[in-house]
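Written below as structure tokens is the structure these notes are about.
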Amino acid sequence: MKNEYIPYPALIESIQNESFDTKTFKVVFENKRLAASFDYKPGQFAQLSLLGIGEAPISITSSPCNQGYIEFTIRAVGKLTRAMHQLKPGDRIYVRGPYGNSFPLDEVRGKDLYFIAGGIGLPPLRSVINSVFDRRQEFGRIKILYGAKTPVELCFKQELKTWHRIPDAEVLLTVDMPDEGWKENVGVVTTLWNKTDMASSDGVAYVCGPLIMIRFVIIELTKSGFKDENIYVTLERYMKCGIGKCGHCNIGAKFVCIDGPVFSYSQLKELPEKETAMAI
Ligand SMILES: Cc1cc2nc3c(=O)[nH]c(=O)nc-3n(C[C@H](O)[C@H](O)[C@H](O)COP(=O)(O)OP(=O)(O)OC[C@H]3O[C@@H](n4cnc5c(N)ncnc54)[C@H](O)[C@@H]3O)c2cc1C
Ligand code: FES
């Protein structure tokens, strides 16, 4: 019987610097049979670990359409993530998962899709964005609104340009503190509402970022006509097991590791207010 707690070794194939504190790791499982069976959906996460150091939940940022490897974008904030940033290509990490639920994709065929991210919130959305672009003809108009504190903190800078060139797709960027070369918007992500038509009664929104951003984005989406059940957010929680056993990640009666991390706004409204973005 499979032991859910045993992680599998994977080798780092390459590392991309995203900003001064964020890197994207491309990893491959050492066991090829396992690589083929690591079947994930956009929005899911894995538990990454380094022996003797620790373990943390990290979203899978690659698209499931990319066979043979998985990618994680990691901001160095604590024990595990700082140790990850010291690693080099060829080094070994440990991975278990995939865990959690996922963003709706088949269910939203034909609809206009709106992705709204702040800072390190883009990596989980990148998985679903690239899945959508891999099946471009199945979806309507695509808008990606992305904000960071400063230009250097924007992740996936090249990919943002590629997405913007895709027909009927629009990428709008904003930063709180511009540098000399910055030509895009300045302000929090909701100020992008003045730069594009966000009115939609049938569109689907995917939101990821700091709780304060999630709260204000939901207010704007609601004003723009989005239905509660068409707004999806990802929540973060301190986790241990990742599989609904330890109780570390609960919000009310829900476990973020198995009932989430993706919740619709309708579901969010049912959770205890003080523990979600709604209380800020
Ligand atoms: C579903 C999910 C997906 C995620 N995806 C990503 C991702 O794609 N990329 C990414 O960079 N991060 C992601 N995170 C966040 C990441 O898991 C955390 O930042 C994790 O704590 C990092 O582990 P660490 O050992 O490096 O940091 P830690 O050593 O755990 O410290 C991180 C920070 O949290 C504080 N802290 C630690 N434990 C507690 C506690 N019990 N209560 C309050 N504060 C505490 C520390 O003081 C420090 O400031 C995700 C989290 C979840 C739940
Ligand atoms: S992390 Fe253990 S129950 Fe969710």
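In the structure tokens, chains take the letters A, B, ... in the order shown, each chain's residues start at 1, and ligands count up from 1 in the order shown.
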Test item: residues at most 9 Å from Arg92 (chain A), only C-alpha atoms, excluding those fewer than 6 positions along its chain, as a list in words: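 Near neighbours after the sequence-gap exclusion: Pro9, Ala10, Leu11, Ile12, Val27 and Leu50 of chain A.
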Those same residues, written as a JSON list (two decimals), in the first residue's frame with C-alpha atoms?
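Resulting contents of part.json:
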```json
[["chain", "number", "residue", "atom", "x", "y", "z"],
["A", 9, "PRO", "CA", 13.52, 12.05, -4.90],
["A", 10, "ALA", "CA", 13.71, 14.50, -7.78],
["A", 11, "LEU", "CA", 16.66, 16.26, -9.39],
["A", 12, "ILE", "CA", 16.83, 19.95, -10.16],
["A", 27, "VAL", "CA", 12.66, 19.32, -11.46],
["A", 50, "LEU", "CA", 15.09, 18.69, 2.00]]
```
Who sits within 9 Å of Thr81 (chain A), only C-alpha atoms, same chain under 6 positions skipped, as a CSV table (one decimal) with C-alpha atoms, in the first residue's frame:
```csv
chain,number,residue,atom,x,y,z
A,55,GLU,CA,9.0,20.5,4.3
A,56,ALA,CA,6.6,23.1,2.9
A,74,ILE,CA,9.7,29.7,-4.6
A,75,ARG,CA,10.2,32.9,-2.6
```
Coordinates-based distance that separates CA of Tyr8 (chain A) from CA of Val95 (chain A) (Å, one decimal):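 Separation of CA of Val95 (chain A) and CA of Tyr8 (chain A): 5.2 Å.
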Write out as a Markdown table the residues of chain A that have any atom within 6 Å of an atom of ligand 1, one row each with the nearest atom pair and its distance in Å to one decimal, counting only C-alpha atoms and all ligand atoms, sorted by chain and then rising number.
```
| residue | atom | partner | partner_atom_place_in_ligand_line | distance |
| --- | --- | --- | --- | --- |
| A:Phe45 | CA | ligand 1 | 1 (C) | 5.6 |
| A:Ala56 | CA | ligand 1 | 17 (O) | 4.6 |
| A:Pro57 | CA | ligand 1 | 17 (O) | 4.2 |
| A:Ile58 | CA | ligand 1 | 5 (N) | 3.6 |
| A:Ser59 | CA | ligand 1 | 8 (O) | 3.9 |
| A:Thr73 | CA | ligand 1 | 9 (N) | 5.2 |
| A:Ile74 | CA | ligand 1 | 11 (O) | 3.5 |
| A:Arg75 | CA | ligand 1 | 11 (O) | 3.8 |
| A:Val77 | CA | ligand 1 | 32 (C) | 5.2 |
| A:Gly78 | CA | ligand 1 | 27 (O) | 3.3 |
| A:Lys79 | CA | ligand 1 | 25 (O) | 4.0 |
| A:Leu80 | CA | ligand 1 | 25 (O) | 3.7 |
| A:Thr81 | CA | ligand 1 | 26 (O) | 3.6 |
| A:Arg82 | CA | ligand 1 | 26 (O) | 5.9 |
| A:Pro123 | CA | ligand 1 | 8 (O) | 5.8 |
| A:Glu236 | CA | ligand 1 | 53 (C) | 3.8 |
| A:Arg237 | CA | ligand 1 | 53 (C) | 4.4 |
| A:Tyr238 | CA | ligand 1 | 53 (C) | 5.8 |
| A:Pro261 | CA | ligand 1 | 1 (C) | 5.5 |
```
Would you save the residues from that selection as a short mmCIF file (atom, residue, chain, number, x, y, z; two decimals), in the first residue's frame, using all heavy atoms?
```cif
data_model
loop_
_atom_site.label_atom_id
_atom_site.label_comp_id
_atom_site.auth_asym_id
_atom_site.auth_seq_id
_atom_site.Cartn_x
_atom_site.Cartn_y
_atom_site.Cartn_z
N PHE A 45 -0.94 21.61 -5.27
CA PHE A 45 0.38 21.88 -4.71
C PHE A 45 1.08 20.57 -4.37
O PHE A 45 0.46 19.50 -4.41
CB PHE A 45 0.26 22.77 -3.46
CG PHE A 45 -0.43 22.11 -2.29
CD1 PHE A 45 0.29 21.48 -1.29
CD2 PHE A 45 -1.82 22.12 -2.18
CE1 PHE A 45 -0.34 20.87 -0.21
CE2 PHE A 45 -2.47 21.52 -1.11
CZ PHE A 45 -1.73 20.89 -0.13
N ALA A 56 7.61 22.04 3.04
CA ALA A 56 6.64 23.13 2.90
C ALA A 56 5.76 22.88 1.67
O ALA A 56 6.22 22.29 0.69
CB ALA A 56 7.36 24.48 2.76
N PRO A 57 4.51 23.35 1.75
CA PRO A 57 3.65 23.24 0.57
C PRO A 57 4.02 24.30 -0.47
O PRO A 57 4.19 25.47 -0.12
CB PRO A 57 2.25 23.52 1.14
CG PRO A 57 2.47 24.33 2.37
CD PRO A 57 3.83 23.98 2.89
N ILE A 58 4.17 23.90 -1.71
CA ILE A 58 4.50 24.83 -2.79
C ILE A 58 3.61 24.49 -3.99
O ILE A 58 3.48 23.32 -4.37
CB ILE A 58 6.00 24.70 -3.20
CG1 ILE A 58 6.93 24.99 -2.01
CG2 ILE A 58 6.32 25.60 -4.40
CD1 ILE A 58 6.98 26.42 -1.51
N SER A 59 3.01 25.51 -4.58
CA SER A 59 2.14 25.30 -5.74
C SER A 59 2.94 24.80 -6.93
O SER A 59 4.09 25.18 -7.11
CB SER A 59 1.50 26.63 -6.16
OG SER A 59 0.80 27.18 -5.08
N THR A 73 7.87 27.73 -8.22
CA THR A 73 8.45 29.06 -8.05
C THR A 73 8.42 29.38 -6.56
O THR A 73 7.36 29.35 -5.93
CB THR A 73 7.65 30.11 -8.85
OG1 THR A 73 7.74 29.74 -10.23
CG2 THR A 73 8.21 31.51 -8.66
N ILE A 74 9.61 29.65 -6.01
CA ILE A 74 9.74 29.70 -4.56
C ILE A 74 10.36 31.01 -4.10
O ILE A 74 11.43 31.41 -4.58
CB ILE A 74 10.62 28.52 -4.07
CG1 ILE A 74 9.94 27.19 -4.49
CG2 ILE A 74 10.83 28.57 -2.57
CD1 ILE A 74 10.75 25.97 -4.16
N ARG A 75 9.67 31.67 -3.19
CA ARG A 75 10.22 32.88 -2.56
C ARG A 75 10.92 32.47 -1.26
O ARG A 75 10.36 31.73 -0.45
CB ARG A 75 9.11 33.88 -2.24
CG ARG A 75 9.60 35.10 -1.51
CD ARG A 75 8.52 36.12 -1.33
NE ARG A 75 8.29 36.86 -2.57
CZ ARG A 75 7.29 37.71 -2.74
NH1 ARG A 75 6.43 37.91 -1.79
NH2 ARG A 75 7.17 38.36 -3.88
N VAL A 77 11.70 32.70 2.20
CA VAL A 77 11.15 33.39 3.37
C VAL A 77 11.54 32.71 4.69
O VAL A 77 11.51 33.35 5.73
CB VAL A 77 9.61 33.49 3.33
CG1 VAL A 77 9.13 34.39 2.21
CG2 VAL A 77 8.95 32.12 3.26
N GLY A 78 11.85 31.43 4.65
CA GLY A 78 12.10 30.71 5.91
C GLY A 78 13.08 29.57 5.72
O GLY A 78 13.88 29.58 4.78
N LYS A 79 12.97 28.58 6.61
CA LYS A 79 13.97 27.52 6.69
C LYS A 79 14.12 26.75 5.37
O LYS A 79 15.19 26.69 4.78
CB LYS A 79 13.52 26.57 7.80
CG LYS A 79 14.62 26.03 8.64
CD LYS A 79 14.05 25.29 9.83
CE LYS A 79 15.03 24.21 10.24
NZ LYS A 79 14.42 23.17 11.05
N LEU A 80 13.02 26.15 4.93
CA LEU A 80 13.08 25.30 3.73
C LEU A 80 13.34 26.13 2.47
O LEU A 80 14.21 25.78 1.65
CB LEU A 80 11.77 24.52 3.62
CG LEU A 80 11.56 23.42 2.58
CD1 LEU A 80 10.96 23.86 1.29
CD2 LEU A 80 12.81 22.58 2.34
N THR A 81 12.61 27.22 2.33
CA THR A 81 12.71 27.99 1.08
C THR A 81 14.09 28.65 0.95
O THR A 81 14.63 28.74 -0.16
CB THR A 81 11.58 29.04 1.01
OG1 THR A 81 11.54 29.77 2.23
CG2 THR A 81 10.23 28.39 0.79
N ARG A 82 14.68 29.09 2.05
CA ARG A 82 16.04 29.67 1.97
C ARG A 82 17.04 28.59 1.59
O ARG A 82 17.96 28.83 0.80
CB ARG A 82 16.43 30.32 3.30
CG ARG A 82 15.71 31.63 3.53
CD ARG A 82 16.47 32.56 4.49
NE ARG A 82 15.64 33.73 4.73
CZ ARG A 82 14.98 33.97 5.86
NH1 ARG A 82 15.08 33.14 6.87
NH2 ARG A 82 14.24 35.05 5.99
N PRO A 123 2.57 32.50 -9.68
CA PRO A 123 2.97 31.11 -9.94
C PRO A 123 1.83 30.08 -9.92
O PRO A 123 1.73 29.29 -10.87
CB PRO A 123 4.02 30.83 -8.85
CG PRO A 123 4.66 32.17 -8.65
CD PRO A 123 3.54 33.17 -8.79
N GLU A 236 -3.80 30.31 1.40
CA GLU A 236 -2.62 29.67 2.00
C GLU A 236 -2.86 29.47 3.48
O GLU A 236 -3.53 30.28 4.12
CB GLU A 236 -1.37 30.54 1.80
CG GLU A 236 -0.86 30.46 0.39
CD GLU A 236 0.54 31.03 0.25
OE1 GLU A 236 1.17 31.36 1.27
OE2 GLU A 236 1.00 31.15 -0.90
N ARG A 237 -2.29 28.43 4.01
CA ARG A 237 -2.44 28.10 5.42
C ARG A 237 -1.19 27.36 5.84
O ARG A 237 -0.60 26.65 5.03
CB ARG A 237 -3.65 27.15 5.55
CG ARG A 237 -4.42 27.29 6.81
CD ARG A 237 -5.29 28.50 6.75
NE ARG A 237 -5.90 28.76 8.04
CZ ARG A 237 -6.23 29.96 8.42
NH1 ARG A 237 -5.99 30.98 7.64
NH2 ARG A 237 -6.79 30.15 9.58
N TYR A 238 -0.77 27.47 7.10
CA TYR A 238 0.35 26.64 7.54
C TYR A 238 -0.09 25.19 7.52
O TYR A 238 -1.13 24.84 8.05
CB TYR A 238 0.85 27.06 8.91
CG TYR A 238 1.64 28.33 8.78
CD1 TYR A 238 1.07 29.55 9.10
CD2 TYR A 238 2.91 28.30 8.24
CE1 TYR A 238 1.77 30.72 8.90
CE2 TYR A 238 3.62 29.47 8.03
CZ TYR A 238 3.04 30.67 8.37
OH TYR A 238 3.73 31.82 8.15
N PRO A 261 -6.66 24.12 -2.10
CA PRO A 261 -6.59 25.55 -1.73
C PRO A 261 -7.49 26.46 -2.55
O PRO A 261 -7.59 27.63 -2.26
CB PRO A 261 -5.11 25.88 -1.97
CG PRO A 261 -4.68 24.95 -3.05
CD PRO A 261 -5.43 23.68 -2.82
#
```
Could you list, as an mmCIF file with N, CA, C and O atoms, in the first residue's frame, all protein and nucleic acid residues with an atom at most 8 Å from ligand 2, counting only C-alpha atoms and all ligand atoms?
```cif
data_model
loop_
_atom_site.group_PDB
_atom_site.id
_atom_site.type_symbol
_atom_site.label_atom_id
_atom_site.label_comp_id
_atom_site.auth_asym_id
_atom_site.auth_seq_id
_atom_site.Cartn_x
_atom_site.Cartn_y
_atom_site.Cartn_z
ATOM 1 N N TYR A 238 -0.772 27.468 7.101
ATOM 2 C CA TYR A 238 0.347 26.639 7.537
ATOM 3 C C TYR A 238 -0.088 25.186 7.515
ATOM 4 O O TYR A 238 -1.134 24.844 8.051
ATOM 5 N N MET A 239 0.695 24.359 6.841
ATOM 6 C CA MET A 239 0.324 22.959 6.666
ATOM 7 C C MET A 239 1.398 22.039 7.218
ATOM 8 O O MET A 239 2.568 22.413 7.290
ATOM 9 N N LYS A 240 0.984 20.850 7.586
ATOM 10 C CA LYS A 240 1.946 19.814 7.990
ATOM 11 C C LYS A 240 1.789 18.604 7.081
ATOM 12 O O LYS A 240 2.652 18.300 6.294
ATOM 13 N N CYS A 241 0.639 17.902 7.206
ATOM 14 C CA CYS A 241 0.507 16.648 6.464
ATOM 15 C C CYS A 241 0.161 16.871 4.994
ATOM 16 O O CYS A 241 0.624 16.144 4.128
ATOM 17 N N GLY A 242 -0.697 17.844 4.718
ATOM 18 C CA GLY A 242 -1.130 18.097 3.337
ATOM 19 C C GLY A 242 -2.224 17.164 2.860
ATOM 20 O O GLY A 242 -2.679 17.266 1.721
ATOM 21 N N ILE A 243 -2.665 16.244 3.741
ATOM 22 C CA ILE A 243 -3.623 15.224 3.286
ATOM 23 C C ILE A 243 -4.819 15.061 4.238
ATOM 24 O O ILE A 243 -5.412 13.993 4.318
ATOM 25 N N GLY A 244 -5.142 16.118 4.977
ATOM 26 C CA GLY A 244 -6.367 16.077 5.783
ATOM 27 C C GLY A 244 -6.296 15.279 7.066
ATOM 28 O O GLY A 244 -7.328 14.868 7.603
ATOM 29 N N LYS A 245 -5.087 15.026 7.596
ATOM 30 C CA LYS A 245 -4.962 14.186 8.797
ATOM 31 C C LYS A 245 -4.636 14.982 10.061
ATOM 32 O O LYS A 245 -5.087 14.638 11.139
ATOM 33 N N CYS A 246 -3.814 16.046 9.955
ATOM 34 C CA CYS A 246 -3.238 16.651 11.165
ATOM 35 C C CYS A 246 -4.067 17.816 11.720
ATOM 36 O O CYS A 246 -3.918 18.183 12.883
ATOM 37 N N GLY A 247 -4.909 18.420 10.913
ATOM 38 C CA GLY A 247 -5.760 19.521 11.373
ATOM 39 C C GLY A 247 -5.078 20.881 11.431
ATOM 40 O O GLY A 247 -5.664 21.837 11.919
ATOM 41 N N HIS A 248 -3.852 20.996 10.916
ATOM 42 C CA HIS A 248 -3.137 22.281 10.977
ATOM 43 C C HIS A 248 -3.756 23.370 10.106
ATOM 44 O O HIS A 248 -3.583 24.546 10.375
ATOM 45 N N CYS A 249 -4.438 22.967 9.038
ATOM 46 C CA CYS A 249 -4.796 23.956 8.015
ATOM 47 C C CYS A 249 -6.280 24.295 7.998
ATOM 48 O O CYS A 249 -6.760 24.850 7.025
ATOM 49 N N ASN A 250 -6.999 23.962 9.075
ATOM 50 C CA ASN A 250 -8.455 24.128 8.981
ATOM 51 C C ASN A 250 -8.894 25.582 9.046
ATOM 52 O O ASN A 250 -8.285 26.424 9.689
ATOM 53 N N PHE A 255 -10.707 21.895 5.499
ATOM 54 C CA PHE A 255 -9.255 21.771 5.483
ATOM 55 C C PHE A 255 -8.757 22.361 4.163
ATOM 56 O O PHE A 255 -9.168 21.894 3.096
ATOM 57 N N VAL A 256 -7.863 23.352 4.270
ATOM 58 C CA VAL A 256 -7.366 23.988 3.039
ATOM 59 C C VAL A 256 -6.611 22.965 2.176
ATOM 60 O O VAL A 256 -6.647 23.036 0.951
ATOM 61 N N CYS A 257 -5.982 21.964 2.815
ATOM 62 C CA CYS A 257 -5.170 21.018 2.041
ATOM 63 C C CYS A 257 -5.998 20.053 1.202
ATOM 64 O O CYS A 257 -5.500 19.536 0.195
ATOM 65 N N ILE A 258 -7.228 19.765 1.605
ATOM 66 C CA ILE A 258 -8.020 18.829 0.790
ATOM 67 C C ILE A 258 -9.283 19.478 0.205
ATOM 68 O O ILE A 258 -9.682 19.178 -0.906
#
```
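Going from CA of Phe226 (chain A) over to CA of Ile116 (chain A), you cover 13.4 Å.
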